[in-house]
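First the structure, in the form of structure tokens, and then the observations on it.
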Amino acid sequence: MISQAVEFSARTDLFQPIVLGLIVGSIYGLVGLGLVLLYKSNRIFNFAQGEFGTVAAYAAFWGLNGRIFGWHMPYVGAIGFGVVAGVLSAVATERLVIRPLFSRPKVTVVVATAGVALFFIYGTLLIQGPNPDVFPSRLQRPFFSVFGNGLAGAISDEKGLKISKLQVLTFVVLIVLAVLAALFFRYTPYGTAILAVSQEPTAASVVGINVSSVSLLTWTIAGFLGAVAGLLVAPTQTITPGFMTFTVLIPGFTAAVVGGITSLPGAFVGGLLIGVVQQLASKLPSIFSGSFLANTPGVSQVIVALVLLAILLVKPAGLLGKET
């Protein structure tokens, strides 16, 4: 028996989840970019990608709280310190774990990245403890309201869709990074070298490309992408050890697969798609308030999984990917 549906509101049930979905999806896309980058260069899935973001967030958090050398860093300085920490965690992973396993089967390397993720999770837990922390943000105040009374003057208007400065910054930063990544791989010799190694490492080595250096570069870039994602997610929720792995890694992986695990643009497009679908699906319980959907947790996750399966059945390589 189909239950009675509540009144549908285009603003709250359609436009709002699309806008929020694009913002959240851009973060999924950024994590997906890091995953695809390492898959293209090393042919592995990196389970530690989310933890580069967690390390960055906690490093910035400790910098703000004076736990680094007893100095309370300025906000921008702490964010920069967090980015550096996230990148260094990726570099250390490549140098100490991935490099010694170069000649081993890929499944061994993948399991090793899972071990790295656990190391970072429990290391952070040992230092910080299990209690959630609030990451301070100066950008949470609403910036403008859509369908309200206009720009900043509509902050008090409860009828409009409020978009914070942090959300605006998140979307702009991630779009810029996605464009820069595309330009990097298309027009720079370093990007060309990474793509060459991803296609045929032996031939790339024969023509003079240093495969070892390319591997370090790709992990450095992946660490930077993960760090930026972690620092953008941290102010939007309470942070706990492993929060990026538990909340963002799986959607990021889904975004990479949906967009195409061999396509960098596809990863970002996949992230936007997953974000929008997830947010739209989250509105179903409120629309069908009297049905079983109203009291069923995880509706959005189930629908995202169905979208993933449908795309893989129709186009196994993903929306923009190619068969390898």
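Simple scheme: letters A, B, ... for chains in structure tokens order, numbers from 1 for residues in each chain, numbers from 1 for ligands in the order shown.
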
Do a neighbour search on stretch 307-320 of chain A at 10 Å with only C-alpha atoms, toss out local chain neighbours closer than 5 positions, and write the hits as a list in words.
-> Thr254, Ala255, Ala256, Val257, Val258, Gly259, Gly260, Ile261, Thr262, Ser263, Leu264, Pro265, Gly266, Ala267, Val269, Gly270, Leu273, Ile274, Val277, Gln301 and Val302 of chain A

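For A:Ile98, the list of residues within 10 Å, based on only C-alpha atoms and with local chain neighbours fewer than 6 positions off taken out, reads Asn42, Val91, Ala92, Arg104, Thr108, Val109, Val110, Ala112, Thr113, Ser215, Leu216 and Trp219 of chain A.
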
From a DSSP pass on the backbone, collect the residues of stretch 81-321 of chain A flagged as alpha helix (DSSP H) and hand them back as an MDAnalysis selection string.
-> chainID A and resid 81:93 106:128 165:187 189:199 201:206 211:233 243:244 250:259 264:282 284:287 299:314

May I have a table of the residues of stretch 232-267 of chain A lying at most 9 Å from stretch 55-66 of chain A, giving each one's closest pair of atoms and their distance in Å to one decimal, counting only C-alpha atoms, ordered by chain and ascending residue number, as a Markdown table?
```
| residue | atom | partner | partner_atom | distance |
| --- | --- | --- | --- | --- |
| A:Leu232 | CA | A:Ala57 | CA | 8.6 |
| A:Val233 | CA | A:Ala57 | CA | 8.6 |
| A:Ala234 | CA | A:Ala57 | CA | 6.3 |
| A:Ile239 | CA | A:Ala57 | CA | 8.3 |
| A:Thr240 | CA | A:Tyr58 | CA | 9.0 |
| A:Pro241 | CA | A:Tyr58 | CA | 8.6 |
| A:Gly242 | CA | A:Val55 | CA | 8.8 |
```

Given only C-alpha atoms, how would the per-residue table for stretch 189-265 of chain A near stretch 80-86 of chain A read, listing every residue at most 7 Å away with its closest atom pair and distance in Å to one decimal, sorted by chain and number, as a tab-separated table?
```
residue	atom	partner	partner_atom	distance
A:Gly223	CA	A:Gly86	CA	5.7
A:Phe224	CA	A:Gly86	CA	6.5
A:Ala227	CA	A:Gly86	CA	4.9
A:Val228	CA	A:Val83	CA	6.6
```

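Residue nearest A:Val173, chosen from A:Val134, A:Leu101, A:Ile23, A:Val116 and counting only C-alpha atoms: A:Ile23.
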
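Secondary structure by DSSP on the backbone puts the following residues of stretch 59-196 of chain A in strand (DSSP E): Asp133, Val134, Pro142, Phe143, Phe144, Ser145, Val146, Leu161, Lys162, Ile163 and Ser164 of chain A.
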
For the residues selected in the previous step, produce a file with C-alpha atoms as a PDB file, in the first residue's frame.
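The file below, out-v2.pdb, is the result:
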```
ATOM      1  CA  ASP A 133      36.629  17.299  18.341  1.00  0.00           C
ATOM      2  CA  VAL A 134      35.247  20.423  16.680  1.00  0.00           C
ATOM      3  CA  PRO A 142      25.922  32.192   5.671  1.00  0.00           C
ATOM      4  CA  PHE A 143      27.202  34.029   2.636  1.00  0.00           C
ATOM      5  CA  PHE A 144      24.043  34.341   0.581  1.00  0.00           C
ATOM      6  CA  SER A 145      20.549  32.963   0.318  1.00  0.00           C
ATOM      7  CA  VAL A 146      18.979  31.478  -2.781  1.00  0.00           C
ATOM      8  CA  LEU A 161      18.588  28.240   0.958  1.00  0.00           C
ATOM      9  CA  LYS A 162      21.603  29.357   2.986  1.00  0.00           C
ATOM     10  CA  ILE A 163      25.017  28.732   1.492  1.00  0.00           C
ATOM     11  CA  SER A 164      27.992  29.397   3.741  1.00  0.00           C
TER      12      SER A 164
END
```

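Note that the spacing between atom CA of A:Ile121 and atom CA of A:Leu88 amounts to 15.9 Å.
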
Which residues of stretch 8-118 of chain A come within 9 Å of stretch 187-194 of chain A, and what is each one's closest atom pair and distance in Å (one decimal), counting only C-alpha atoms, sorted by chain and residue number, as CSV?
```
residue,atom,partner,partner_atom,distance
A:Leu37,CA,A:Ile194,CA,8.8
A:Lys40,CA,A:Ile194,CA,8.3
A:Ser41,CA,A:Ile194,CA,6.4
```

Could the residues in this selection be written to a file with C-alpha atoms, as an mmCIF file, in the first residue's frame?
```cif
data_model
loop_
_atom_site.group_PDB
_atom_site.id
_atom_site.type_symbol
_atom_site.label_atom_id
_atom_site.label_comp_id
_atom_site.auth_asym_id
_atom_site.auth_seq_id
_atom_site.Cartn_x
_atom_site.Cartn_y
_atom_site.Cartn_z
ATOM 1 C CA LEU A 37 45.912 9.062 -10.183
ATOM 2 C CA LYS A 40 46.819 4.974 -13.346
ATOM 3 C CA SER A 41 50.433 5.204 -12.185
#
```

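In this structure, atom CA of A:Pro132 sits 15.1 Å away from atom CA of A:Thr245.
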
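Distances from A:Phe184, A:Val31, A:Val207, A:Thr218 to A:Thr93 were compared using only C-alpha atoms, and the smallest one belongs to A:Thr218.
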
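Nearest to A:Leu22 of all the residues A:Thr54, A:Ser205, A:Thr236, A:Thr170 is A:Thr170, based on only C-alpha atoms.
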
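Atom to atom, atom CA of A:Thr247 and atom CA of A:Glu51 stand 11.0 Å apart.
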
In terms of the shortest atom-to-atom distance over only C-alpha atoms, which of A:Ile221, A:Leu118, A:Ala204, A:Val172 is closest to A:Ser26?
-> A:Val172
